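Student: The file below is data30.tsv, TSV, C-alpha atoms:
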chain	number	residue	atom	x	y	z
A	14	MET	CA	-0.59	-15.14	17.75
A	15	MET	CA	2.10	-14.63	20.37
A	16	PHE	CA	5.61	-13.78	19.18
A	17	PRO	CA	8.67	-14.24	21.43
A	18	GLU	CA	9.81	-10.88	22.75
A	19	GLN	CA	13.32	-9.74	21.96
A	20	PRO	CA	15.43	-8.03	24.64
A	21	ILE	CA	14.77	-4.30	24.94
A	22	PRO	CA	17.92	-2.27	24.07
A	23	ASP	CA	19.42	-0.18	26.87
A	24	HIS	CA	18.78	3.12	25.07
A	25	VAL	CA	14.99	2.55	24.98
A	26	PRO	CA	13.19	4.22	27.93
A	27	PRO	CA	10.97	1.63	29.66
A	28	GLU	CA	7.99	3.98	29.66
A	29	LEU	CA	7.99	4.04	25.84
A	30	VAL	CA	7.84	0.25	25.44
A	31	SER	CA	4.50	-0.96	24.07
A	32	ARG	CA	3.50	-4.62	24.24
A	33	ASP	CA	-0.03	-4.07	22.97
A	34	PHE	CA	0.63	-2.19	19.72
A	35	PRO	CA	-2.20	-3.51	17.52
A	36	PHE	CA	-0.86	-3.21	13.95
A	37	ILE	CA	0.99	-6.51	13.60
A	38	PHE	CA	1.70	-8.00	10.18
A	39	GLY	CA	-0.17	-11.23	9.51
A	40	MET	CA	-2.92	-10.60	12.06
A	41	THR	CA	-6.58	-9.74	11.48
A	42	THR	CA	-9.11	-7.87	13.59
A	43	ALA	CA	-12.88	-7.37	13.72
A	44	VAL	CA	-12.31	-4.11	15.63
A	45	ASP	CA	-12.26	-0.96	13.48
A	46	PRO	CA	-8.53	-0.38	12.77
A	47	PHE	CA	-9.01	3.37	12.32
A	48	ASP	CA	-11.73	4.70	14.61
A	49	ASP	CA	-10.72	2.39	17.43
A	50	LEU	CA	-7.15	1.08	17.16
A	51	ALA	CA	-5.45	4.11	15.56
A	52	MET	CA	-7.12	6.57	17.91
A	53	GLN	CA	-6.18	4.34	20.85
A	54	VAL	CA	-2.49	4.53	19.88
A	55	HIS	CA	-2.81	8.33	19.63
A	56	GLU	CA	-3.61	8.45	23.33
A	57	GLY	CA	-0.03	7.49	24.15
A	58	PRO	CA	3.43	9.08	23.71
A	59	ASP	CA	4.40	10.71	20.42
A	60	ILE	CA	6.89	7.90	19.73
A	61	ILE	CA	6.67	4.39	21.16
A	62	TYR	CA	8.87	1.31	20.94
A	63	ALA	CA	6.53	-1.51	19.90
A	64	VAL	CA	7.92	-4.97	20.57
A	65	HIS	CA	6.12	-6.68	17.64
A	66	ALA	CA	5.78	-3.92	15.02
A	67	TYR	CA	8.23	-5.20	12.37
A	68	PRO	CA	7.30	-8.16	10.09
A	69	GLY	CA	8.06	-11.38	11.91
A	70	GLY	CA	7.02	-9.90	15.25
A	71	THR	CA	10.23	-8.02	16.07
A	72	PRO	CA	10.59	-4.48	17.51
A	73	ALA	CA	10.42	-1.07	15.87
A	74	TRP	CA	10.03	2.53	16.88
A	75	VAL	CA	6.60	3.89	15.94
A	76	PRO	CA	6.24	7.67	15.49
A	77	ARG	CA	2.57	8.62	15.48
A	78	ARG	CA	2.81	12.31	14.55
A	79	MET	CA	2.68	13.37	10.90
A	80	ALA	CA	5.44	15.93	11.55
A	81	HIS	CA	7.80	13.25	12.85
A	82	LEU	CA	7.07	10.92	9.94
A	83	ARG	CA	7.85	13.70	7.47
A	84	GLU	CA	11.06	14.48	9.35
A	85	ILE	CA	12.21	10.86	9.11
A	86	TYR	CA	11.10	10.51	5.47
A	87	LEU	CA	13.35	13.46	4.57
A	88	ASP	CA	16.33	12.51	6.76
A	89	THR	CA	18.18	10.12	4.47
A	90	ASP	CA	21.43	10.87	6.32
A	91	HIS	CA	20.27	9.10	9.48
A	92	PHE	CA	17.52	6.77	8.24
A	93	SER	CA	17.94	4.21	5.48
A	94	SER	CA	15.24	2.69	3.28
A	95	THR	CA	17.49	-0.25	2.37
A	96	ASP	CA	16.17	-3.63	3.57
A	97	PHE	CA	12.95	-2.16	4.94
A	98	SER	CA	11.20	-5.32	3.68
A	99	PRO	CA	12.25	-8.84	4.74
A	100	PHE	CA	11.87	-10.57	1.38
A	101	SER	CA	15.43	-10.68	0.02
A	102	LYS	CA	17.02	-11.61	3.34
A	103	LEU	CA	14.51	-14.41	3.91
A	104	VAL	CA	15.75	-16.20	0.79
A	105	GLY	CA	19.43	-15.25	1.05
A	106	GLY	CA	19.25	-12.75	-1.80
A	107	ASN	CA	21.45	-9.75	-2.53
A	108	TRP	CA	18.75	-7.71	-4.31
A	109	ILE	CA	16.52	-5.04	-2.80
A	110	ASN	CA	13.19	-3.59	-3.90
A	111	SER	CA	14.36	-0.84	-6.23
A	112	PRO	CA	13.95	2.10	-6.21
A	113	ALA	CA	11.86	1.90	-3.00
A	114	GLU	CA	14.76	0.60	-0.89
A	115	LEU	CA	17.56	2.63	-2.47
A	116	ASP	CA	19.20	5.48	-0.57
A	117	PRO	CA	20.93	8.51	-2.10
A	118	PRO	CA	23.06	8.79	-4.13
A	119	ALA	CA	22.02	5.53	-5.84
A	120	HIS	CA	18.32	6.37	-5.61
A	121	GLY	CA	18.28	9.43	-7.88
A	122	PRO	CA	19.65	7.88	-11.10
A	123	PHE	CA	17.50	4.77	-10.67
A	124	ARG	CA	14.35	6.82	-10.09
A	125	GLN	CA	15.25	8.97	-13.10
A	126	MET	CA	15.35	5.81	-15.20
A	127	VAL	CA	11.96	4.62	-13.89
A	128	ASN	CA	9.97	7.88	-13.98
A	129	PRO	CA	9.24	8.06	-17.75
A	130	ALA	CA	7.14	4.88	-17.55
A	131	PHE	CA	4.81	6.41	-14.93
A	132	THR	CA	4.37	10.08	-15.87
A	133	PRO	CA	0.87	11.63	-15.74
A	134	LYS	CA	0.91	11.75	-19.55
A	135	ALA	CA	1.80	8.06	-19.82
A	136	MET	CA	-0.95	7.13	-17.37
A	137	ALA	CA	-3.51	9.38	-19.09
A	138	ALA	CA	-3.03	7.32	-22.24
A	139	LEU	CA	-4.47	4.35	-20.31
A	140	GLU	CA	-7.72	6.13	-19.36
A	141	ASP	CA	-9.97	4.39	-21.88
A	142	LYS	CA	-8.56	0.94	-21.22
A	143	ILE	CA	-8.85	1.34	-17.44
A	144	ARG	CA	-12.44	2.54	-17.78
A	145	HIS	CA	-13.26	-0.37	-20.10
A	146	TYR	CA	-12.04	-2.90	-17.53
A	147	ALA	CA	-13.96	-1.18	-14.71
A	148	VAL	CA	-17.21	-1.17	-16.69
A	149	GLU	CA	-16.70	-4.79	-17.74
A	150	TYR	CA	-16.47	-6.00	-14.15
A	151	ILE	CA	-19.25	-3.78	-12.76
A	152	ASP	CA	-21.75	-4.64	-15.51
A	153	ALA	CA	-21.15	-8.33	-14.87
A	154	PHE	CA	-22.40	-8.21	-11.27
A	155	ALA	CA	-24.77	-5.20	-11.35
A	156	PRO	CA	-27.90	-7.26	-12.17
A	157	ARG	CA	-27.25	-9.59	-9.22
A	158	GLY	CA	-27.86	-6.89	-6.63
A	159	GLN	CA	-24.79	-7.94	-4.69
A	160	CYS	CA	-21.06	-8.52	-4.91
A	161	GLU	CA	-18.21	-9.50	-2.66
A	162	PHE	CA	-16.40	-6.30	-3.44
A	163	MET	CA	-12.86	-7.47	-2.65
A	164	GLY	CA	-12.99	-10.66	-4.72
A	165	ASP	CA	-15.35	-9.50	-7.46
A	166	PHE	CA	-13.82	-6.11	-8.12
A	167	ALA	CA	-11.15	-4.59	-5.84
A	168	PHE	CA	-8.58	-7.30	-6.61
A	169	GLU	CA	-9.54	-8.21	-10.15
A	170	PHE	CA	-9.95	-4.78	-11.76
A	171	PRO	CA	-6.69	-2.96	-10.85
A	172	ILE	CA	-4.68	-6.16	-11.02
A	173	LYS	CA	-5.89	-6.82	-14.57
A	174	VAL	CA	-4.68	-3.33	-15.54
A	175	PHE	CA	-1.34	-3.88	-13.84
A	176	MET	CA	-0.79	-7.34	-15.32
A	177	GLU	CA	-1.36	-5.93	-18.78
A	178	LEU	CA	1.23	-3.21	-18.10
A	179	MET	CA	3.70	-5.86	-16.96
A	180	GLY	CA	2.86	-8.17	-19.85
A	181	LEU	CA	1.77	-10.96	-17.49
A	182	PRO	CA	-0.91	-13.53	-18.41
A	183	HIS	CA	-4.39	-12.85	-16.99
A	184	ASP	CA	-5.08	-16.56	-16.54
A	185	ARG	CA	-2.52	-16.75	-13.69
A	186	MET	CA	-4.19	-14.02	-11.64
A	187	SER	CA	-5.36	-16.33	-8.85
A	188	GLU	CA	-1.86	-17.78	-8.48
A	189	PHE	CA	-0.29	-14.31	-8.34
A	190	MET	CA	-2.84	-13.24	-5.73
A	191	ALA	CA	-2.07	-16.26	-3.55
A	192	TRP	CA	1.62	-15.31	-3.62
A	193	GLU	CA	0.78	-11.70	-2.84
A	194	MET	CA	-1.46	-12.65	0.08
A	195	ASN	CA	1.39	-14.62	1.66
A	196	LEU	CA	3.93	-11.86	0.98
A	197	LEU	CA	1.87	-9.10	2.62
A	198	HIS	CA	-0.64	-10.70	4.99
A	199	ASN	CA	1.00	-13.78	6.50
A	200	HIS	CA	2.83	-13.81	9.85
A	201	ASP	CA	4.61	-17.11	9.05
A	202	LEU	CA	8.10	-16.27	7.76
A	203	SER	CA	8.39	-19.66	6.07
A	204	LYS	CA	5.25	-18.92	4.01
A	205	ILE	CA	6.58	-15.46	3.14
A	206	ALA	CA	9.88	-17.03	2.03
A	207	GLU	CA	8.08	-19.67	-0.04
A	208	ALA	CA	6.01	-17.00	-1.81
A	209	THR	CA	9.12	-14.89	-2.39
A	210	ARG	CA	10.89	-17.80	-4.09
A	211	SER	CA	7.84	-18.43	-6.28
A	212	VAL	CA	7.68	-14.81	-7.40
A	213	LEU	CA	11.44	-14.64	-8.03
A	214	ALA	CA	11.41	-17.82	-10.10
A	215	TYR	CA	8.49	-16.59	-12.17
A	216	LEU	CA	9.86	-13.09	-12.71
A	217	GLY	CA	13.28	-14.48	-13.55
A	218	GLY	CA	11.72	-16.52	-16.36
A	219	GLU	CA	9.80	-13.49	-17.66
A	220	ILE	CA	12.96	-11.36	-17.63
A	221	GLU	CA	14.83	-13.95	-19.70
A	222	ASP	CA	11.92	-14.12	-22.13
A	223	ARG	CA	11.96	-10.32	-22.62
A	224	ARG	CA	15.68	-10.34	-23.23
A	225	ALA	CA	15.04	-12.69	-26.14
A	226	ASN	CA	11.65	-11.31	-27.16
A	227	PRO	CA	11.16	-7.69	-26.01
A	228	ARG	CA	7.63	-6.30	-26.01
A	229	ASP	CA	5.85	-3.07	-25.11
A	230	ASP	CA	5.56	-3.78	-21.38
A	231	LEU	CA	7.20	-2.85	-18.08
A	232	ILE	CA	9.38	-5.96	-17.92
A	233	SER	CA	10.86	-5.09	-21.31
A	234	PHE	CA	11.21	-1.49	-20.10
A	235	GLY	CA	13.34	-2.72	-17.21
A	236	VAL	CA	15.40	-5.08	-19.37
A	237	GLN	CA	16.15	-2.20	-21.76
A	238	GLY	CA	16.58	0.43	-19.02
A	239	ARG	CA	19.88	2.18	-18.46
A	240	ILE	CA	21.35	4.01	-15.51
A	241	GLY	CA	23.78	6.45	-17.01
A	242	ASP	CA	25.66	4.50	-19.65
A	243	ARG	CA	25.06	1.00	-18.26
A	244	ALA	CA	22.28	-1.57	-18.18
A	245	LEU	CA	20.74	-2.72	-14.90
A	246	THR	CA	22.53	-5.53	-13.10
A	247	ASP	CA	20.64	-8.81	-12.62
A	248	ASP	CA	19.99	-7.95	-8.96
A	249	GLU	CA	18.81	-4.43	-9.84
A	250	LEU	CA	16.45	-5.75	-12.49
A	251	LEU	CA	15.04	-8.47	-10.24
A	252	GLY	CA	14.57	-5.99	-7.40
A	253	PHE	CA	12.82	-3.53	-9.70
A	254	MET	CA	10.43	-6.21	-10.99
A	255	PHE	CA	9.74	-7.52	-7.46
A	256	ASN	CA	9.00	-3.98	-6.30
A	257	LEU	CA	6.51	-3.51	-9.15
A	258	PHE	CA	4.91	-6.88	-8.38
A	259	ILE	CA	4.42	-6.03	-4.71
A	260	GLY	CA	3.12	-2.53	-5.38
A	261	GLY	CA	0.96	-3.36	-8.36
A	262	LEU	CA	-0.94	-6.38	-7.06
A	263	ASP	CA	-2.18	-5.12	-3.72
A	264	THR	CA	-1.97	-1.42	-2.87
A	265	VAL	CA	-4.76	-0.07	-5.10
A	266	SER	CA	-6.99	-3.02	-4.16
A	267	THR	CA	-6.41	-2.30	-0.49
A	268	ASN	CA	-7.29	1.39	-0.73
A	269	MET	CA	-10.30	0.68	-2.93
A	270	GLY	CA	-11.67	-1.78	-0.40
A	271	LEU	CA	-11.33	0.71	2.45
A	272	HIS	CA	-12.92	3.53	0.43
A	273	PHE	CA	-15.94	1.44	-0.53
A	274	ARG	CA	-16.26	0.15	3.02
A	275	HIS	CA	-16.73	3.79	4.01
A	276	LEU	CA	-19.24	4.51	1.24
A	277	GLY	CA	-21.16	1.32	2.04
A	278	SER	CA	-21.65	2.46	5.62
A	279	HIS	CA	-22.05	6.22	5.06
A	280	ALA	CA	-25.06	6.79	2.82
A	281	GLU	CA	-24.72	10.57	3.05
A	282	ASP	CA	-21.21	10.55	1.56
A	283	GLN	CA	-22.29	8.14	-1.15
A	284	ALA	CA	-25.21	10.46	-2.03
A	285	TYR	CA	-22.91	13.50	-2.07
A	286	LEU	CA	-20.55	11.92	-4.59
A	287	ARG	CA	-23.40	10.70	-6.78
A	288	ALA	CA	-24.65	14.28	-6.92
A	289	ASN	CA	-21.15	15.77	-7.29
A	290	PRO	CA	-18.97	13.35	-9.28
A	291	SER	CA	-16.42	16.09	-9.99
A	292	GLU	CA	-15.57	15.97	-6.27
A	293	ILE	CA	-14.46	12.34	-6.44
A	294	PRO	CA	-10.70	13.16	-6.78
A	295	HIS	CA	-10.84	15.37	-3.66
A	296	ALA	CA	-12.89	12.75	-1.82
A	297	ILE	CA	-10.26	10.11	-2.59
A	298	ASP	CA	-7.59	12.28	-0.96
A	299	GLU	CA	-9.68	12.56	2.19
A	300	LEU	CA	-10.35	8.82	2.20
A	301	MET	CA	-6.63	8.17	1.72
A	302	ARG	CA	-6.00	10.32	4.81
A	303	ALA	CA	-8.72	8.80	6.96
A	304	TYR	CA	-7.99	5.22	5.95
A	305	GLY	CA	-4.21	5.12	5.52
A	306	ALA	CA	-3.38	1.48	4.89
A	307	VAL	CA	0.37	1.17	4.47
A	308	THR	CA	3.29	0.87	6.88
A	309	THR	CA	6.80	0.99	5.46
A	310	PHE	CA	10.05	0.90	7.42
A	311	ARG	CA	13.33	2.70	7.90
A	312	THR	CA	16.54	1.59	9.61
A	313	CYS	CA	18.56	4.04	11.69
A	314	LYS	CA	22.11	4.14	10.35
A	315	LYS	CA	23.62	6.91	12.54
A	316	GLU	CA	22.74	7.91	16.08
A	317	THR	CA	20.23	10.76	16.11
A	318	ASP	CA	17.34	12.29	18.06
A	319	VAL	CA	13.73	12.68	16.95
A	320	ALA	CA	11.41	14.54	19.33
A	321	GLY	CA	13.94	14.05	22.10
A	322	ILE	CA	14.10	10.28	21.60
A	323	ARG	CA	17.47	8.68	20.89
A	324	PHE	CA	17.61	6.38	17.85
A	325	MET	CA	20.63	4.09	17.52
A	326	PRO	CA	22.12	2.33	14.47
A	327	GLY	CA	20.14	-0.78	13.60
A	328	ASP	CA	16.87	0.44	15.14
A	329	LYS	CA	13.86	-0.19	12.90
A	330	VAL	CA	11.21	2.52	12.46
A	331	ALA	CA	7.62	1.75	11.43
A	332	MET	CA	6.28	4.53	9.20
A	333	SER	CA	2.52	4.14	9.62
A	334	THR	CA	0.30	6.14	7.26
A	335	THR	CA	-2.60	4.89	9.40
A	336	LEU	CA	-1.38	6.85	12.41
A	337	ALA	CA	-0.24	9.84	10.36
A	338	GLY	CA	-3.68	10.26	8.81
A	339	ARG	CA	-5.35	10.20	12.22
A	340	ASP	CA	-2.92	12.59	13.91
A	341	PRO	CA	-4.96	15.09	15.97
A	342	ALA	CA	-2.04	17.55	15.88
A	343	GLU	CA	-2.22	17.62	12.07
A	344	PHE	CA	-5.95	17.31	11.35
A	345	ASP	CA	-8.96	18.85	13.04
A	346	ALA	CA	-11.32	16.08	14.24
A	347	PRO	CA	-9.26	13.38	12.48
A	348	ALA	CA	-11.88	10.66	13.03
A	349	GLU	CA	-14.38	12.65	10.93
A	350	VAL	CA	-14.39	12.05	7.20
A	351	ARG	CA	-15.00	15.37	5.43
A	352	LEU	CA	-14.98	14.81	1.70
A	353	ASN	CA	-14.18	18.47	1.01
A	354	ARG	CA	-11.25	18.62	3.47
A	355	ARG	CA	-8.46	18.51	0.79
A	356	PRO	CA	-5.80	17.17	3.18
A	357	ARG	CA	-2.04	16.80	2.70
A	358	HIS	CA	-1.73	13.10	3.40
A	359	VAL	CA	1.17	10.65	3.08
A	360	GLY	CA	-0.83	7.80	1.58
A	361	PHE	CA	1.57	7.70	-1.37
A	362	GLY	CA	4.64	8.32	0.77
A	363	PHE	CA	6.62	11.53	1.09
A	364	GLY	CA	9.94	12.92	-0.10
A	365	ILE	CA	12.19	11.07	-2.53
A	366	HIS	CA	10.30	7.81	-2.07
A	367	THR	CA	6.87	9.11	-3.03
A	368	CYS	CA	5.17	6.22	-4.85
A	369	VAL	CA	6.29	6.01	-8.48
A	370	GLY	CA	2.89	4.52	-9.44
A	371	MET	CA	0.88	7.29	-7.77
A	372	HIS	CA	-0.60	8.67	-11.01
A	373	LEU	CA	-1.77	5.23	-12.10
A	374	ALA	CA	-3.23	4.51	-8.65
A	375	ARG	CA	-5.13	7.81	-8.54
A	376	ARG	CA	-6.58	7.14	-11.99
A	377	GLU	CA	-7.71	3.62	-11.08
A	378	LEU	CA	-9.28	4.77	-7.81
A	379	ARG	CA	-11.10	7.63	-9.52
A	380	ILE	CA	-12.42	5.61	-12.44
A	381	ALA	CA	-13.55	2.79	-10.17
A	382	MET	CA	-15.57	5.18	-8.02
A	383	GLU	CA	-16.99	7.09	-11.00
A	384	GLU	CA	-18.20	3.96	-12.76
A	385	PHE	CA	-19.44	2.14	-9.66
A	386	LEU	CA	-21.54	5.10	-8.53
A	387	ALA	CA	-22.84	5.65	-12.07
A	388	ARG	CA	-23.84	2.00	-12.63
A	389	ILE	CA	-24.78	0.66	-9.19
A	390	PRO	CA	-27.77	2.09	-7.26
A	391	ASP	CA	-27.51	3.00	-3.57
A	392	PHE	CA	-25.50	0.22	-1.95
A	393	ARG	CA	-24.68	-0.81	1.60
A	394	ILE	CA	-22.68	-3.43	3.45
A	395	ALA	CA	-24.71	-6.63	3.75
A	396	LEU	CA	-26.85	-6.68	6.87
A	397	GLY	CA	-25.16	-8.46	9.76
A	398	HIS	CA	-21.71	-8.58	8.19
A	399	GLN	CA	-18.92	-7.48	10.52
A	400	VAL	CA	-15.96	-6.34	8.44
A	401	GLU	CA	-12.73	-8.07	9.43
A	402	CYS	CA	-9.45	-6.46	8.35
A	403	HIS	CA	-5.91	-7.63	7.81
A	404	LEU	CA	-3.41	-5.64	9.87
A	405	GLY	CA	0.03	-4.45	8.82
A	406	MET	CA	-1.24	-3.64	5.33
A	407	ILE	CA	-4.79	-2.81	6.43
A	408	GLN	CA	-7.31	-4.39	4.08
A	409	PRO	CA	-10.85	-5.79	4.40
A	410	VAL	CA	-10.83	-9.59	4.30
A	411	ALA	CA	-14.27	-9.54	2.64
A	412	LEU	CA	-16.71	-6.75	1.82
A	413	PRO	CA	-20.18	-7.94	0.76
A	414	LEU	CA	-22.17	-5.06	-0.78
A	415	VAL	CA	-25.87	-5.21	-1.65
A	416	TRP	CA	-28.28	-3.01	-3.65
A	417	THR	CA	-31.66	-3.23	-5.39
A	418	PRO	CA	-30.98	-3.93	-9.08
A	419	ALA	CA	-32.49	-1.64	-11.68
A	420	SER	CA	-35.60	-3.20	-13.21
If you took the structure in this file and wrote it as structure tokens, what would it be?

Tutor:
Amino acid sequence: MMFPEQPIPDHVPPELVSRDFPFIFGMTTAVDPFDDLAMQVHEGPDIIYAVHAYPGGTPAWVPRRMAHLREIYLDTDHFSSTDFSPFSKLVGGNWINSPAELDPPAHGPFRQMVNPAFTPKAMAALEDKIRHYAVEYIDAFAPRGQCEFMGDFAFEFPIKVFMELMGLPHDRMSEFMAWEMNLLHNHDLSKIAEATRSVLAYLGGEIEDRRANPRDDLISFGVQGRIGDRALTDDELLGFMFNLFIGGLDTVSTNMGLHFRHLGSHAEDQAYLRANPSEIPHAIDELMRAYGAVTTFRTCKKETDVAGIRFMPGDKVAMSTTLAGRDPAEFDAPAEVRLNRRPRHVGFGFGIHTCVGMHLARRELRIAMEEFLARIPDFRIALGHQVECHLGMIQPVALPLVWTPAS
């Protein structure tokens, strides 16, 4: 897919302009996005200006060093999170994904309102239910000796947990996933806009239902939430629900697919975790580092320098966890996966915008790996299958795994 190139601003040095930056939203690749593409980008300057890095094929600065990403994450004076996603603008909305796209001082009170729903204690109470769902799915396909991991497990299992938390009907899962696929993996802005309208219409109906009939779910939590002494505005509530929808229906599935792709092609790591299941939480951190999947965005709001590069108001910045996790200045031999490395990664973000659902995501990833390794014998990627991945949000398109069923 070729996007028209926008004019390069005068403040951008020509030598930093990249026309072959590979991580373009809506595209797919059969090349390894991590061992090949990410390491290829790391051969260039510390910060590049990629002409097609922002959704819709428009330009953004791309810092590749972990240190520079952390610097920008923390610099809320010069870099704004507001409008880092295109969804609201595409449909002429006034809402933003809250609290992910809120800047200080508005961010703090909103995050304070949200946090109680996602504390470690609150997520620990879900342990048995999450494990039940994982076992239910795994036991269903274990006797077959094969599964298409993305469709049979990685999407269905965490999404079922999330939909229950939101109070959404399980029988609409395929419809929700179709919307999500267009929101996060389509390059066609008209398709993204169509999916956005569908999600907004659906969530709007659910919000009205909870106002009349509150339940014990996250939509009711938002309807009843208060910032200081006031309720959320309609735009705040819609933005909060949209943010949960985006984060809950794809991110865990994406990471799970990448982690099991690694285990399906690295028998020695699979054997290590079978023999040492207590190491699974540490292994997940290393896999989150090595296979960072998410790119979020910032917008420069005041002129500033990062690493000697001048950023001007309006400039977009692509915050790639893929590049951060493979930064050779931050990690020794970054292409090597060492399950005992215990890295400080940014897979769940950094600073005030660290993912609010992090504790739920960690629990789902851990339980999935524990139960899969306990119930499925040695598995591998199906012979002859070349894994293709979505780019932007990096995710396997399909991941067929095979094993010899227990007799």

Student: Please work out which residues fall within 10 Å of (16.3, -12.1, -15.2), coordinates as given in the file, with only C-alpha atoms counting, and return them as a ChimeraX atom specification.

Tutor: /A:213-224,232,236,246-251,254

Student: Go through A:Ser187, A:Pro409, A:Met40, A:Leu178 one by one, measure the shortest atom-to-atom distance of each to Phe131 (chain A) using all atoms listed in the file, and give the residue with the smallest value.

Tutor: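 Comparing A:Ser187, A:Pro409, A:Met40, A:Leu178 against Phe131 (chain A), the winner is A:Leu178.
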
Student: Quick check, in Å to one decimal: how far apart do CA of Pro129 (chain A) and CA of Gly235 (chain A) lie?

Tutor: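 Separating CA of Pro129 (chain A) from CA of Gly235 (chain A) is a distance of 11.5 Å.
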
Student: Write out as a list in words each polymer residue whose atoms come within 7 Å of region 368-384 of chain A, counting all atoms listed in the file; drop sequence neighbours fewer than 3 positions from it.

Tutor: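 What passes the distance filter is Asn128, Phe131, Pro133, Met136, Ile143, Arg144, Ala147, Val148, Pro171, Val265, Met269, Pro290, Ile293, Pro294, Phe361, Gly362, Ala387 and Arg388 of chain A.
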
Student: Applying 12 Å and all atoms listed in the file, which residues near Ser420 (chain A) remain after dropping the ones on its own chain fewer than 3 positions away? List them as a PDB file with C-alpha atoms, in the frame of the given file.

Tutor:
ATOM      1  CA  ALA A 155     -24.770  -5.200 -11.350  1.00  0.00           C
ATOM      2  CA  PRO A 156     -27.900  -7.260 -12.170  1.00  0.00           C
ATOM      3  CA  ARG A 157     -27.250  -9.590  -9.220  1.00  0.00           C
ATOM      4  CA  GLY A 158     -27.860  -6.890  -6.630  1.00  0.00           C
ATOM      5  CA  PRO A 390     -27.770   2.090  -7.260  1.00  0.00           C
ATOM      6  CA  THR A 417     -31.660  -3.230  -5.390  1.00  0.00           C
TER       7      THR A 417
END

Student: If I put a ball of radius 8 Å at (16.7, 0.1, 3.3) in the file's coordinates, which residues poke into it when counting only C-alpha atoms, written as a list in words?

Tutor: Ser93, Ser94, Thr95, Asp96, Phe97, Ser98, Ile109, Glu114, Leu115, Asp116, Phe310, Arg311 and Thr312 of chain A

Student: At a cut-off of 10 Å, can you tabulate as CSV every residue of region 51-114 of chain A near region 190-207 of chain A together with its closest atom pair and the distance in Å to one decimal, using all atoms listed in the file and ordering rows by chain then number?

Tutor:
residue,atom,partner,partner_atom,distance
A:Pro68,CA,A:His200,CA,7.2
A:Gly69,CA,A:His200,CA,6.1
A:Gly70,CA,A:His200,CA,7.9
A:Pro99,CA,A:Ile205,CA,8.9
A:Phe100,CA,A:Ala206,CA,6.8
A:Ser101,CA,A:Ala206,CA,8.7
A:Lys102,CA,A:Ala206,CA,9.1
A:Leu103,CA,A:Ala206,CA,5.6
A:Val104,CA,A:Ala206,CA,6.1
A:Gly105,CA,A:Ala206,CA,9.8

Student: Counting all atoms listed in the file, which of A:Leu257, A:Ala138, A:Ala51, A:Val30 gets nearest to Ala348 (chain A)?

Tutor: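 Nearest candidate to Ala348 (chain A) out of A:Leu257, A:Ala138, A:Ala51, A:Val30: A:Ala51.
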
Student: Find, counting all atoms listed in the file, the residue in A:Arg77, A:Pro117, A:His55, A:Phe168 that gets nearest to Asp263 (chain A).

Tutor: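 Of the candidates, the smallest distance to Asp263 (chain A) is held by A:Phe168.
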
Student: Have a look at CA of Gly241 (chain A) and CA of Met126 (chain A) and let me know their distance in Å, one decimal.

Tutor: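 Value for the CA of Gly241 (chain A)-CA of Met126 (chain A) distance: 8.6 Å.
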
Student: Kindly indicate which residue among A:Pro326, A:Ala284, A:Arg243, A:Ile172 lies nearest to Tyr146 (chain A), using only C-alpha atoms for the distances.

Tutor: A:Ile172

Student: Considering only C-alpha atoms, state which residue in the set A:His403, A:Leu262, A:Arg239, A:Ala113 is at the smallest distance from Glu169 (chain A).

Tutor: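 Under the stated criterion, the closest residue is A:Leu262.
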
Student: Rounded to one decimal in Å, what is the spacing between CA of Ser111 (chain A) and CA of Asp90 (chain A)?

Tutor: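 A separation of 18.6 Å between them.
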
Student: Take the structure in the block and write a file for region 186-204 of chain A, C-alpha atoms, as a PDB file, in the first residue's frame.

Tutor:
ATOM      1  CA  MET A 186     -17.951 -11.642  20.488  1.00  0.00           C
ATOM      2  CA  SER A 187     -17.402 -12.160  16.759  1.00  0.00           C
ATOM      3  CA  GLU A 188     -19.061  -8.822  15.976  1.00  0.00           C
ATOM      4  CA  PHE A 189     -16.942  -7.005  18.575  1.00  0.00           C
ATOM      5  CA  MET A 190     -13.797  -8.625  17.173  1.00  0.00           C
ATOM      6  CA  ALA A 191     -14.645  -7.515  13.635  1.00  0.00           C
ATOM      7  CA  TRP A 192     -14.972  -3.932  14.888  1.00  0.00           C
ATOM      8  CA  GLU A 193     -11.715  -4.227  16.808  1.00  0.00           C
ATOM      9  CA  MET A 194      -9.853  -5.619  13.798  1.00  0.00           C
ATOM     10  CA  ASN A 195     -10.901  -2.610  11.717  1.00  0.00           C
ATOM     11  CA  LEU A 196     -10.069  -0.155  14.514  1.00  0.00           C
ATOM     12  CA  LEU A 197      -6.521  -1.443  15.054  1.00  0.00           C
ATOM     13  CA  HIS A 198      -5.422  -3.297  11.923  1.00  0.00           C
ATOM     14  CA  ASN A 199      -6.983  -1.545   8.930  1.00  0.00           C
ATOM     15  CA  HIS A 200      -5.225   1.140   6.870  1.00  0.00           C
ATOM     16  CA  ASP A 201      -8.513   2.359   5.332  1.00  0.00           C
ATOM     17  CA  LEU A 202      -9.678   5.397   7.318  1.00  0.00           C
ATOM     18  CA  SER A 203     -13.256   4.934   6.112  1.00  0.00           C
ATOM     19  CA  LYS A 204     -13.311   1.410   7.598  1.00  0.00           C
TER      20      LYS A 204
END
